[in-house]
Protein chains: 2
Amino acid sequence: MEVWKEFEHNIITHSAAHHLMAIAELLNKYGYARVTDVARHLGITRGSASITLKALKERRLVVEDENKFLLLSEEGKNLVQAIQSKRRVLIKFFQDVLGVNPELAEIDACKVEHLISHQTGEKLLAFIKFLFSDEKKAREFLRAFHESSLDCGGSESCPYCMDACLLRPESS
Amino acid sequence: MEVWKEFEHNIITHSAAHHLMAIAELLNKYGYARVTDVARHLGITRGSASITLKALKERRLVVEDENKFLLLSEEGKNLVQAIQSKRRVLIKFFQDVLGVNPELAEIDACKVEHLISHQTGEKLLAFIKFLFSDEKKAREFLRAFHESSLDCGGSESCPYCMDACLLRPESS
DNA sequence: AACAGATGTTTGGCTATTAAAACAAGAGCA
DNA sequence: TGCTCTTGTTTTAATAGCCAAACATCTGTT
């Protein structure tokens, strides 16, 4: 009765998260980030970026120097780190554990990276670390799973894909 | 440059998905579902539910009988099935594999259930089926992982929680 | 000095989602 | 018949995102 409303109570929206990450990537690549650069990086207009970035400045996640060059606050940097870390873990999991194809793994990770909790992100990281560790049981399990799953690629003949539990959703 | 925009191109929004699931649950529990029932079930006003449901009728996911009682179309039913199936798989994974606490597992699952792709959902299902199968390697691996992870609960002393890769995000 | 180009902001419009409040239609009751 | 309650819709207003277009500023060139 209340859980579903949590969706709105996130620390950051998808759009805002990507504005922050754009700044981080631009700073990393070019050493600076302006409104125009962020807009171009995200493929949106300068006007849209300007408004969103204004809100992020008010939230103290983004700061501006005397020449209107954008920087991340400490809080902004931490947020970006956290989201990027979750993204990497998710991509690794989707791709190298589940065997989802790389493009889709990236899209799915991008959609949820800013939504999953700190705890879940951490536990997934721990899981993956153990799974890819030297632990004999982990190695053997992973090999056995990948041998069993036979890479059906979502075909009609795959028993998992035909499972009544997951009725072809994307077709909708 | 384009992946991040996929977030908007989903089959269904979080809100719409929960309107559909509300109808399914009400039909299941009481045998009928009206606008008022959906609104009450979701904790929103009748006006809001009316508008969202109107859009869902236009999209042919919801249909109405002569007395304004709501039903799901075949497409609507399939969508609900798909989302609920993903939710169950996600909760099981978060809770019983990763060891996330039940409340958080439910919240995280709710946030992403409508976002992850069919392929990822299916592959996660296959993974869990294998993980909880009779397969000796799966049982041993799961036991070894759960013994190793020692249930830190996100504390300061846990090496995973202090991992530089996941800098305390929710604090932001 | 004057124009051109780039940059940043603002304004008006659109969609989705919410609430609040007004309104319409029906049902039951006195 | 008249009153009230329930139900559903509509309108107005918010917020968050986006675009397009107008506008203001600054810089560099001629």
# chains A, B, ... in the order shown; residues from 1 in each chain; ligands from 1
call {"tool": "residues_around", "arguments": {"residues": "C:DG13", "least_positions_apart": "3", "cutoff": "12 Å", "atoms": "only C-alpha atoms (C1' of nucleotides)", "output": "CSV table (one decimal) with C-alpha atoms (C1' of nucleotides), in the first residue's frame"}}
result
chain,number,residue,atom,x,y,z
D,18,DC,C1',12.0,18.0,-22.4
D,19,DC,C1',12.1,21.4,-26.9
D,20,DA,C1',12.0,25.7,-29.5
D,21,DA,C1',12.7,30.2,-29.8
call {"tool": "interface_residues", "arguments": {"of": "chain C", "to": "chain B", "cutoff": "9 Å", "atoms": "only C-alpha atoms (C1' of nucleotides)", "output": "VMD selection string"}}
result
chain C and resid 17 to 19
call {"tool": "select_by_dssp", "arguments": {"residues": "stretch 33-100 of chain B", "states": "helix (DSSP H, G or I)", "output": "ChimeraX atom specification"}}
result
/B:35-42,46-58,74-98
call {"tool": "closest_atom_pairs", "arguments": {"of": "chain D", "to": "chain B", "cutoff": "8 Å", "atoms": "only C-alpha atoms (C1' of nucleotides)", "output": "tab-separated table"}}
result
residue	atom	partner	partner_atom	distance
D:DT7	C1'	B:Thr36	CA	7.3
D:DG8	C1'	B:Ser50	CA	7.4
D:DT9	C1'	B:Gly47	CA	7.3
call {"tool": "write_last_selection", "arguments": {"atoms": "C-alpha atoms (C1' of nucleotides)", "output": "tab-separated table (two decimals), in the first residue's frame"}}
result
chain	number	residue	atom	x	y	z
D	7	DT	C1'	-18.79	7.56	-7.65
D	8	DG	C1'	-16.53	9.30	-11.65
D	9	DT	C1'	-14.88	13.30	-14.36
call {"tool": "select_by_dssp", "arguments": {"residues": "stretch 17-134 of chain B", "states": "strand (DSSP E or B)", "output": "list in words"}}
result
Val62, Val63, Glu64, Leu70, Leu71 and Leu72 of chain B
call {"tool": "write_last_selection", "arguments": {"atoms": "N, CA, C and O atoms", "output": "PDB file, in the first residue's frame"}}
result
ATOM      1  N   VAL B  62      -6.418  -1.443 -20.371  1.00  0.00           N
ATOM      2  CA  VAL B  62      -7.540  -1.562 -19.445  1.00  0.00           C
ATOM      3  C   VAL B  62      -8.821  -1.446 -20.250  1.00  0.00           C
ATOM      4  O   VAL B  62      -8.896  -0.640 -21.172  1.00  0.00           O
ATOM      5  N   VAL B  63      -9.792  -2.260 -19.919  1.00  0.00           N
ATOM      6  CA  VAL B  63     -11.101  -2.136 -20.541  1.00  0.00           C
ATOM      7  C   VAL B  63     -12.154  -1.987 -19.452  1.00  0.00           C
ATOM      8  O   VAL B  63     -11.891  -2.248 -18.281  1.00  0.00           O
ATOM      9  N   GLU B  64     -13.339  -1.554 -19.869  1.00  0.00           N
ATOM     10  CA  GLU B  64     -14.397  -1.186 -18.944  1.00  0.00           C
ATOM     11  C   GLU B  64     -15.658  -1.905 -19.361  1.00  0.00           C
ATOM     12  O   GLU B  64     -15.944  -1.985 -20.555  1.00  0.00           O
ATOM     13  N   LEU B  70     -13.753  -1.996 -14.063  1.00  0.00           N
ATOM     14  CA  LEU B  70     -12.504  -2.113 -14.813  1.00  0.00           C
ATOM     15  C   LEU B  70     -12.030  -3.547 -14.968  1.00  0.00           C
ATOM     16  O   LEU B  70     -12.165  -4.360 -14.043  1.00  0.00           O
ATOM     17  N   LEU B  71     -11.469  -3.835 -16.131  1.00  0.00           N
ATOM     18  CA  LEU B  71     -10.886  -5.146 -16.405  1.00  0.00           C
ATOM     19  C   LEU B  71      -9.573  -4.941 -17.136  1.00  0.00           C
ATOM     20  O   LEU B  71      -9.335  -3.868 -17.694  1.00  0.00           O
ATOM     21  N   LEU B  72      -8.754  -5.971 -17.161  1.00  0.00           N
ATOM     22  CA  LEU B  72      -7.510  -5.899 -17.921  1.00  0.00           C
ATOM     23  C   LEU B  72      -7.721  -6.576 -19.271  1.00  0.00           C
ATOM     24  O   LEU B  72      -8.371  -7.614 -19.349  1.00  0.00           O
TER      25      LEU B  72
END
call {"tool": "residues_around", "arguments": {"residues": "A:His18", "least_positions_apart": "5", "cutoff": "12 Å", "atoms": "only C-alpha atoms (C1' of nucleotides)", "output": "number ranges by chain"}}
result
A: 12-13, 23-26, 38-39, 41-44, 49, 52-53, 56, 76, 79-80, 83-84, 110-111, 113-114; B: 1-5, 7
call {"tool": "closest_residue", "arguments": {"among": "A:Asp134, A:Glu147, A:Glu103, A:Asp108", "to": "chain B", "atoms": "only C-alpha atoms"}}
result
A:Asp108
call {"tool": "residues_around", "arguments": {"residues": "D:DT4", "least_positions_apart": "3", "cutoff": "12 Å", "atoms": "only C-alpha atoms (C1' of nucleotides)", "output": "ChimeraX atom specification"}}
result
/C:27-30
call {"tool": "residues_around", "arguments": {"residues": "C:DG5", "least_positions_apart": "3", "cutoff": "12 Å", "atoms": "only C-alpha atoms (C1' of nucleotides)", "output": "VMD selection string"}}
result
chain D and resid 26 to 29
call {"tool": "write_last_selection", "arguments": {"atoms": "N, CA, C and O atoms (P, O5', C5', C4', C3', O3' and C1' of nucleotides)", "output": "short mmCIF file (atom, residue, chain, number, x, y, z; two decimals), in the first residue's frame"}}
result
data_model
loop_
_atom_site.label_atom_id
_atom_site.label_comp_id
_atom_site.auth_asym_id
_atom_site.auth_seq_id
_atom_site.Cartn_x
_atom_site.Cartn_y
_atom_site.Cartn_z
P DC D 26 28.63 40.66 -20.00
"O5'" DC D 26 29.74 39.87 -20.81
"C5'" DC D 26 29.83 38.44 -20.66
"C4'" DC D 26 30.66 37.86 -21.81
"C3'" DC D 26 31.89 38.71 -22.16
"O3'" DC D 26 33.02 37.85 -22.19
"C1'" DC D 26 30.65 38.19 -24.09
P DT D 27 34.50 38.48 -22.34
"O5'" DT D 27 35.18 37.55 -23.44
"C5'" DT D 27 34.46 36.44 -24.00
"C4'" DT D 27 34.89 36.25 -25.44
"C3'" DT D 27 36.15 37.04 -25.85
"O3'" DT D 27 36.99 36.23 -26.66
"C1'" DT D 27 34.41 37.54 -27.32
P DG D 28 38.49 36.69 -27.04
"O5'" DG D 28 38.67 36.26 -28.57
"C5'" DG D 28 37.75 35.36 -29.19
"C4'" DG D 28 37.57 35.74 -30.66
"C3'" DG D 28 38.78 36.45 -31.25
"O3'" DG D 28 39.02 35.93 -32.56
"C1'" DG D 28 36.86 37.80 -31.51
P DT D 29 40.33 36.34 -33.39
"O5'" DT D 29 39.70 37.04 -34.66
"C5'" DT D 29 38.51 36.47 -35.24
"C4'" DT D 29 37.85 37.43 -36.20
"C3'" DT D 29 38.83 38.20 -37.09
"O3'" DT D 29 38.37 38.13 -38.44
"C1'" DT D 29 37.36 39.71 -36.00
#
call {"tool": "decode", "arguments": {"residues": "stretch 49-64 of chain A", "atoms": "N, CA, C and O atoms", "output": "tab-separated table (two decimals), in the first residue's frame"}}
result
chain	number	residue	atom	x	y	z
A	49	ALA	N	19.48	21.85	-20.14
A	49	ALA	CA	20.62	21.60	-19.25
A	49	ALA	C	20.76	22.74	-18.25
A	49	ALA	O	21.00	22.52	-17.06
A	50	SER	N	20.58	23.96	-18.73
A	50	SER	CA	20.70	25.13	-17.88
A	50	SER	C	19.77	25.04	-16.68
A	50	SER	O	20.15	25.29	-15.54
A	51	ILE	N	18.53	24.69	-16.95
A	51	ILE	CA	17.52	24.61	-15.88
A	51	ILE	C	17.84	23.49	-14.89
A	51	ILE	O	17.82	23.69	-13.68
A	52	THR	N	18.16	22.30	-15.42
A	52	THR	CA	18.48	21.19	-14.52
A	52	THR	C	19.72	21.48	-13.70
A	52	THR	O	19.77	21.19	-12.49
A	53	LEU	N	20.72	22.08	-14.33
A	53	LEU	CA	21.96	22.37	-13.62
A	53	LEU	C	21.75	23.46	-12.56
A	53	LEU	O	22.40	23.44	-11.51
A	54	LYS	N	20.84	24.37	-12.85
A	54	LYS	CA	20.52	25.40	-11.85
A	54	LYS	C	20.00	24.74	-10.58
A	54	LYS	O	20.42	25.08	-9.47
A	55	ALA	N	19.11	23.77	-10.77
A	55	ALA	CA	18.56	23.05	-9.62
A	55	ALA	C	19.66	22.29	-8.88
A	55	ALA	O	19.67	22.23	-7.65
A	56	LEU	N	20.59	21.72	-9.63
A	56	LEU	CA	21.67	20.96	-9.00
A	56	LEU	C	22.64	21.89	-8.25
A	56	LEU	O	23.24	21.48	-7.25
A	57	LYS	N	22.76	23.12	-8.74
A	57	LYS	CA	23.57	24.10	-8.01
A	57	LYS	C	22.88	24.48	-6.70
A	57	LYS	O	23.52	24.58	-5.66
A	58	GLU	N	21.56	24.63	-6.79
A	58	GLU	CA	20.80	24.96	-5.58
A	58	GLU	C	20.87	23.83	-4.56
A	58	GLU	O	20.86	24.07	-3.36
A	59	ARG	N	20.99	22.61	-5.05
A	59	ARG	CA	21.11	21.46	-4.14
A	59	ARG	C	22.55	21.25	-3.70
A	59	ARG	O	22.87	20.27	-3.03
A	60	ARG	N	23.43	22.11	-4.14
A	60	ARG	CA	24.85	22.07	-3.76
A	60	ARG	C	25.56	20.80	-4.23
A	60	ARG	O	26.52	20.36	-3.60
A	61	LEU	N	25.07	20.23	-5.30
A	61	LEU	CA	25.77	19.06	-5.85
A	61	LEU	C	26.73	19.52	-6.93
A	61	LEU	O	27.75	18.89	-7.20
A	62	VAL	N	26.39	20.66	-7.54
A	62	VAL	CA	27.23	21.24	-8.57
A	62	VAL	C	27.63	22.64	-8.12
A	62	VAL	O	26.82	23.35	-7.52
A	63	VAL	N	28.87	23.00	-8.36
A	63	VAL	CA	29.31	24.37	-8.08
A	63	VAL	C	29.91	24.97	-9.35
A	63	VAL	O	30.21	24.24	-10.30
A	64	GLU	N	30.06	26.28	-9.32
A	64	GLU	CA	30.44	27.01	-10.51
A	64	GLU	C	31.62	27.91	-10.14
A	64	GLU	O	31.61	28.51	-9.07
